[in-house]
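Contents: one structure, followed by commentary.
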Amino acid sequence: MNVLIIYYSQSGNTMLVARHIEKGLRRAGASVTVVKLKDATYEMMADYDLIGLGSPTWKADTPNMHHFIDKMPDQGGKQCFGFNTHGTLPHLYWPIVIPNLKNHGLIPIGYKDWYGDVTMPGMPKPYYTAGHPDETDLREAEEFGYEMAVNSPKITAGDTSLIYPDPEMNEKVFRQAMICSNMLLCPTNPQGAFVRHPERCHYPKCHLCMDNCTMGYIDLSKDPQVYGNRGDRCDDCHECSFCFMICPFGAIEVEPANQFESDIGADHSNFERMLEEDEKTGKFRRLIPLSEIGHDTPYVYWHPERPYFKIPKDPGPLDLNSTDSGPLDPDSTDSGN
Ligand SMILES: Cc1cc2nc3c(=O)[nH]c(=O)nc-3n(C[C@H](O)[C@H](O)[C@H](O)COP(=O)(O)O)c2cc1C
Ligand code: SF4
Ligand code: SF4
């Protein structure tokens, strides 16, 4: 069986999960190709029996994968599976994504999500979900891949009972929709407004922000140069802050400069309540005690040097005989995601 995994990952959590799912699929005998979303085409999907689609959760949805899915030609009943990593608000993602996959002629045979650490300038460090995905999560990811490889041919042969049920539309889904719509309505970016200072920029020697802007909103080859930030927010960028985080030369700044100080007192009670409930049901395994959450050390205070974040390198296919989960090297910088 030929499987194509298409994923987007900004800070590396989903990439690590993707590589473990790949390992599980290969362990079950599948031949697997893994591509980043920016390199994926609809034409290549035709060559595969099963498609895996993975991304982080951003404001309940995929950050950019939904553009790929929205424009996807009808897949005529091809099987797919979904995977996702997230912070404290995971419940709305599948109710949004699964119907969208079906609308494009895909049959989602399974889907699974994992907690992941959150790396944003004004967010507490350590964050509530720090330490995820850990060894246990990654073992689960491998098992999920194995399960998809084993189930897919059985489903093709007619055993539709193996297809995961549709995601539940429960009270948590509606609560998260409310939290997210409040965030979307917020007129200012809680992470600050990003402003580029061309005089500090090392383009064309450096093109990191351009290669890694989630939405492709940066094009420094144009005259005048295009930088996605329009006013105090980019139009569909979810204020991701990645360009600011990865610029090695401080050419992208946040304004006002004391934005993060105002964030220290940010109200995280919605997130804490949701996690407490998910801990009780066993969905969330807390690795950092509540008392150690870094409310006084937002990420950029905790890591004050530029670049604030180095892009994790793709570890590539994992060794089938190794039990090592292949943690990401925090000091490596990949060229693009
Ligand atoms: C702009 C942005 C928005 C996010 N929105 C959510 C969200 O709505 N719900 C959630 O649980 N996590 C949210 N997160 C956290 C990420 O989903 C989480 O850190 C994920 O593991 C990142 O995956 P990656 O390392 O593959 O990029 C958000 C992160 C960013 C950067
Ligand atoms: S904040 Fe920066 S990296 Fe993120 S989408 Fe906007 S321009 Fe791109
Ligand atoms: S990352 Fe910074 S230095 Fe590099 S091209 Fe972007 S703005 Fe310029």
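Lettering and numbering for the structure tokens are positional, with chains as A, B, ... in the shown order, residues counted from 1 in each chain, and ligands counted from 1 in the shown order.
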
Please report, as a ChimeraX atom specification, each residue of range 27-197 of chain A to which DSSP assigns strand (DSSP E or B) when run on this structure's backbone. /A:31-36,50-56,58,61,78-86,106-115,124,193-196

Hey, which residues sit close to ligand 1? Say within 8 Å, counting only C-alpha atoms and all ligand atoms, and write them as a PyMOL selection string. chain A and resi 8-16+55-61+63+84-91+114-120+180+237-242

Go ahead and save the residues from that selection, with N, CA, C and O atoms, as a short mmCIF file (atom, residue, chain, number, x, y, z; two decimals), in the first residue's frame.
```cif
data_model
loop_
_atom_site.label_atom_id
_atom_site.label_comp_id
_atom_site.auth_asym_id
_atom_site.auth_seq_id
_atom_site.Cartn_x
_atom_site.Cartn_y
_atom_site.Cartn_z
N TYR A 8 1.69 20.28 7.78
CA TYR A 8 2.28 21.58 8.08
C TYR A 8 2.66 21.57 9.55
O TYR A 8 1.90 21.07 10.39
N SER A 9 3.83 22.10 9.87
CA SER A 9 4.24 22.22 11.26
C SER A 9 5.09 23.47 11.38
O SER A 9 6.02 23.67 10.60
N GLN A 10 4.78 24.33 12.34
CA GLN A 10 5.57 25.54 12.50
C GLN A 10 6.67 25.33 13.54
O GLN A 10 7.84 25.54 13.27
N SER A 11 6.29 24.87 14.72
CA SER A 11 7.29 24.75 15.78
C SER A 11 7.77 23.32 15.98
O SER A 11 8.54 23.05 16.90
N GLY A 12 7.36 22.39 15.13
CA GLY A 12 7.95 21.05 15.11
C GLY A 12 7.12 19.94 15.72
O GLY A 12 7.39 18.77 15.48
N ASN A 13 6.07 20.27 16.51
CA ASN A 13 5.31 19.21 17.19
C ASN A 13 4.63 18.29 16.18
O ASN A 13 4.71 17.06 16.28
N THR A 14 3.94 18.88 15.21
CA THR A 14 3.19 18.07 14.23
C THR A 14 4.16 17.29 13.35
O THR A 14 3.88 16.17 12.93
N MET A 15 5.33 17.88 13.09
CA MET A 15 6.34 17.18 12.27
C MET A 15 6.80 15.90 12.98
O MET A 15 6.92 14.84 12.35
N LEU A 16 7.03 16.01 14.28
CA LEU A 16 7.48 14.84 15.04
C LEU A 16 6.41 13.75 15.05
O LEU A 16 6.70 12.57 14.87
N SER A 55 -1.81 18.94 10.77
CA SER A 55 -1.44 20.34 11.02
C SER A 55 -1.60 20.64 12.50
O SER A 55 -2.24 19.87 13.23
N PRO A 56 -1.07 21.79 12.94
CA PRO A 56 -1.43 22.25 14.29
C PRO A 56 -2.85 22.82 14.28
O PRO A 56 -3.44 23.01 13.21
N THR A 57 -3.39 23.07 15.46
CA THR A 57 -4.65 23.81 15.58
C THR A 57 -4.31 25.28 15.76
O THR A 57 -3.50 25.64 16.61
N TRP A 58 -4.92 26.10 14.94
CA TRP A 58 -4.81 27.56 15.13
C TRP A 58 -6.21 28.12 15.13
O TRP A 58 -6.93 27.98 14.13
N LYS A 59 -6.56 28.76 16.22
CA LYS A 59 -7.91 29.29 16.35
C LYS A 59 -8.92 28.26 15.88
O LYS A 59 -9.74 28.50 15.01
N ALA A 60 -8.76 27.07 16.41
CA ALA A 60 -9.68 25.94 16.23
C ALA A 60 -9.53 25.21 14.90
O ALA A 60 -9.86 24.04 14.79
N ASP A 61 -9.02 25.85 13.87
CA ASP A 61 -8.96 25.26 12.52
C ASP A 61 -7.50 24.93 12.20
O ASP A 61 -6.60 25.13 13.02
N PRO A 63 -4.11 26.09 10.31
CA PRO A 63 -3.69 27.43 9.92
C PRO A 63 -3.82 27.64 8.42
O PRO A 63 -4.30 28.67 7.96
N ASN A 84 -3.23 15.85 14.28
CA ASN A 84 -3.21 17.24 14.70
C ASN A 84 -2.50 17.37 16.03
O ASN A 84 -2.57 16.46 16.86
N THR A 85 -1.79 18.48 16.24
CA THR A 85 -1.33 18.82 17.59
C THR A 85 -1.93 20.16 17.98
O THR A 85 -2.30 20.96 17.12
N HIS A 86 -2.01 20.41 19.28
CA HIS A 86 -2.74 21.58 19.77
C HIS A 86 -2.28 21.95 21.17
O HIS A 86 -1.60 21.16 21.84
N GLY A 87 -2.70 23.14 21.60
CA GLY A 87 -2.47 23.56 22.98
C GLY A 87 -3.66 23.16 23.84
O GLY A 87 -4.07 21.99 23.85
N THR A 88 -4.26 24.17 24.48
CA THR A 88 -5.29 23.86 25.48
C THR A 88 -6.70 23.70 24.91
O THR A 88 -7.60 23.30 25.62
N LEU A 89 -6.90 24.06 23.63
CA LEU A 89 -8.27 24.06 23.08
C LEU A 89 -8.39 23.16 21.84
O LEU A 89 -8.40 23.62 20.71
N PRO A 90 -8.47 21.84 22.06
CA PRO A 90 -8.44 20.92 20.91
C PRO A 90 -9.79 20.54 20.31
O PRO A 90 -9.83 19.94 19.24
N HIS A 91 -10.90 20.86 20.98
CA HIS A 91 -12.14 20.14 20.67
C HIS A 91 -12.88 20.56 19.40
O HIS A 91 -13.72 19.86 18.91
N TRP A 114 -2.95 15.25 19.44
CA TRP A 114 -2.05 15.19 20.59
C TRP A 114 -1.78 16.60 21.10
O TRP A 114 -1.77 17.56 20.31
N TYR A 115 -1.54 16.71 22.40
CA TYR A 115 -1.14 18.00 22.96
C TYR A 115 0.28 18.32 22.51
O TYR A 115 1.10 17.43 22.28
N GLY A 116 0.56 19.62 22.36
CA GLY A 116 1.89 20.07 21.99
C GLY A 116 2.23 21.35 22.75
O GLY A 116 1.32 22.11 23.11
N ASP A 117 3.50 21.57 23.00
CA ASP A 117 3.94 22.80 23.66
C ASP A 117 3.57 23.99 22.77
O ASP A 117 3.47 23.84 21.55
N VAL A 118 3.36 25.15 23.38
CA VAL A 118 2.99 26.34 22.61
C VAL A 118 4.12 27.36 22.70
O VAL A 118 4.57 27.71 23.78
N THR A 119 4.58 27.80 21.54
CA THR A 119 5.72 28.70 21.47
C THR A 119 5.29 30.00 20.82
O THR A 119 5.32 30.14 19.61
N MET A 120 4.84 30.93 21.64
CA MET A 120 4.44 32.25 21.12
C MET A 120 5.03 33.32 22.02
O MET A 120 5.20 33.09 23.23
N CYS A 180 -13.06 31.06 20.67
CA CYS A 180 -12.35 31.41 19.43
C CYS A 180 -12.99 32.61 18.75
O CYS A 180 -12.28 33.47 18.22
N CYS A 237 -3.38 35.83 8.87
CA CYS A 237 -2.19 35.17 9.39
C CYS A 237 -2.36 34.70 10.80
O CYS A 237 -1.48 34.06 11.35
N HIS A 238 -3.49 34.98 11.41
CA HIS A 238 -3.73 34.54 12.77
C HIS A 238 -2.71 35.14 13.73
O HIS A 238 -2.50 34.62 14.80
N GLU A 239 -2.02 36.21 13.28
CA GLU A 239 -1.00 36.85 14.12
C GLU A 239 -0.03 35.81 14.66
O GLU A 239 0.23 35.75 15.86
N CYS A 240 0.49 34.99 13.78
CA CYS A 240 1.23 33.84 14.28
C CYS A 240 2.55 34.23 14.94
O CYS A 240 3.06 33.50 15.76
N SER A 241 3.15 35.36 14.55
CA SER A 241 4.38 35.89 15.15
C SER A 241 5.65 35.16 14.74
O SER A 241 6.73 35.47 15.22
N PHE A 242 5.55 34.19 13.84
CA PHE A 242 6.71 33.35 13.54
C PHE A 242 7.85 34.16 12.91
O PHE A 242 9.01 33.95 13.23
#
```

Residues at most 7 Å from ligand 2, using only C-alpha atoms and all ligand atoms? Could they come as a VMD selection string? chain A and resid 194 209 212 to 218 227 to 229 234 237 to 244

List all protein, DNA and RNA residues that have any atom at most 6 Å from ligand 3, counting only C-alpha atoms and all ligand atoms, and write the list as a list in words.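 Counting only C-alpha atoms and all ligand atoms, the residues within 6 Å of ligand 3 come out as Cys201, His202, Tyr203, Cys206, His207, Leu208, Cys209, Cys247, Pro248, Phe249, Ala251 and Ile252 of chain A.
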
Pick out the residues sitting within 7 Å of range 121-131 of chain A, and hand them over as a list in words; count only C-alpha atoms, and ignore anything fewer than 6 positions along from it in its own chain. Gly87, Tyr115, Gln191, Phe260, Asp263, Leu287, Ile288, Ile293, Gly294, His295, Thr297, Pro298, Tyr299, Val300 and Trp302 of chain A

Would you list the contacts of Ser161 in chain A as an MDAnalysis selection string, taking every protein, DNA or RNA residue within 12 Å and counting only C-alpha atoms, but skipping same-chain residues closer than 3 positions in sequence? chainID A and resid 109:110 151:152 154:158 164:165

For the residues in the current selection, export all heavy atoms as a compact mmCIF listing (two decimals), in the first residue's frame.
```
# COMPACT_ATOMS: atom_id res chain seq x y z
N ILE A 109 -10.83 7.74 7.39
CA ILE A 109 -10.99 6.44 8.08
C ILE A 109 -10.55 6.54 9.54
O ILE A 109 -10.84 5.67 10.34
CB ILE A 109 -10.24 5.30 7.35
CG1 ILE A 109 -8.72 5.54 7.34
CG2 ILE A 109 -10.77 5.11 5.94
CD1 ILE A 109 -7.92 4.28 6.96
N GLY A 110 -9.81 7.60 9.90
CA GLY A 110 -9.39 7.77 11.29
C GLY A 110 -8.83 9.17 11.49
O GLY A 110 -8.46 9.84 10.51
N ASN A 151 -6.00 -1.05 8.88
CA ASN A 151 -7.44 -0.89 8.65
C ASN A 151 -7.78 -0.56 7.19
O ASN A 151 -8.83 -0.98 6.69
CB ASN A 151 -8.00 0.24 9.53
CG ASN A 151 -8.14 -0.21 10.98
OD1 ASN A 151 -7.82 -1.35 11.32
ND2 ASN A 151 -8.60 0.68 11.84
N SER A 152 -6.93 0.21 6.54
CA SER A 152 -7.28 0.71 5.21
C SER A 152 -7.68 -0.40 4.22
O SER A 152 -8.76 -0.34 3.62
CB SER A 152 -6.13 1.57 4.67
OG SER A 152 -6.40 1.93 3.35
N LYS A 154 -8.73 -3.36 4.87
CA LYS A 154 -9.95 -4.04 5.36
C LYS A 154 -11.18 -3.19 5.03
O LYS A 154 -12.24 -3.72 4.67
CB LYS A 154 -9.87 -4.25 6.87
CG LYS A 154 -8.82 -5.28 7.30
CD LYS A 154 -8.89 -5.48 8.80
CE LYS A 154 -7.80 -6.40 9.29
NZ LYS A 154 -7.65 -6.36 10.75
N ILE A 155 -11.03 -1.87 5.14
CA ILE A 155 -12.15 -0.97 4.81
C ILE A 155 -12.44 -1.05 3.30
O ILE A 155 -13.59 -1.13 2.87
CB ILE A 155 -11.84 0.47 5.27
CG1 ILE A 155 -11.81 0.52 6.81
CG2 ILE A 155 -12.86 1.47 4.73
CD1 ILE A 155 -11.20 1.77 7.41
N THR A 156 -11.36 -1.08 2.51
CA THR A 156 -11.53 -1.22 1.06
C THR A 156 -12.29 -2.52 0.74
O THR A 156 -13.13 -2.56 -0.16
CB THR A 156 -10.15 -1.25 0.34
OG1 THR A 156 -9.43 -0.10 0.76
CG2 THR A 156 -10.27 -1.25 -1.16
N ALA A 157 -12.00 -3.56 1.54
CA ALA A 157 -12.66 -4.86 1.30
C ALA A 157 -14.09 -4.90 1.83
O ALA A 157 -14.77 -5.91 1.71
CB ALA A 157 -11.83 -5.97 1.93
N GLY A 158 -14.52 -3.79 2.49
CA GLY A 158 -15.93 -3.71 2.88
C GLY A 158 -16.20 -3.58 4.37
O GLY A 158 -17.36 -3.42 4.76
N TYR A 164 -13.66 5.51 11.78
CA TYR A 164 -13.95 6.22 13.03
C TYR A 164 -15.31 6.95 12.90
O TYR A 164 -15.62 7.48 11.83
CB TYR A 164 -12.89 7.28 13.32
CG TYR A 164 -11.57 6.79 13.88
CD1 TYR A 164 -11.09 5.51 13.63
CD2 TYR A 164 -10.78 7.63 14.67
CE1 TYR A 164 -9.86 5.09 14.13
CE2 TYR A 164 -9.56 7.21 15.18
CZ TYR A 164 -9.10 5.93 14.90
OH TYR A 164 -7.90 5.52 15.40
N PRO A 165 -16.07 7.00 14.01
CA PRO A 165 -17.33 7.76 13.95
C PRO A 165 -17.05 9.26 13.78
O PRO A 165 -15.94 9.72 14.08
CB PRO A 165 -17.97 7.50 15.32
CG PRO A 165 -16.90 6.93 16.19
CD PRO A 165 -15.82 6.38 15.31
```

Please identify the alpha helix (DSSP H) residues within range 103-268 of chain A (assignment by DSSP from backbone atoms) and present them as a ChimeraX atom specification. /A:103,135-156,171-185,208-212,242-246,259-264

Rank nothing, just name the residue among A:Val254, A:Ile69, A:Cys80, A:Ala30 nearest to Asn100 in chain A, using only C-alpha atoms.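 The shortest atom-to-atom distance to Asn100 in chain A comes from A:Ile69.
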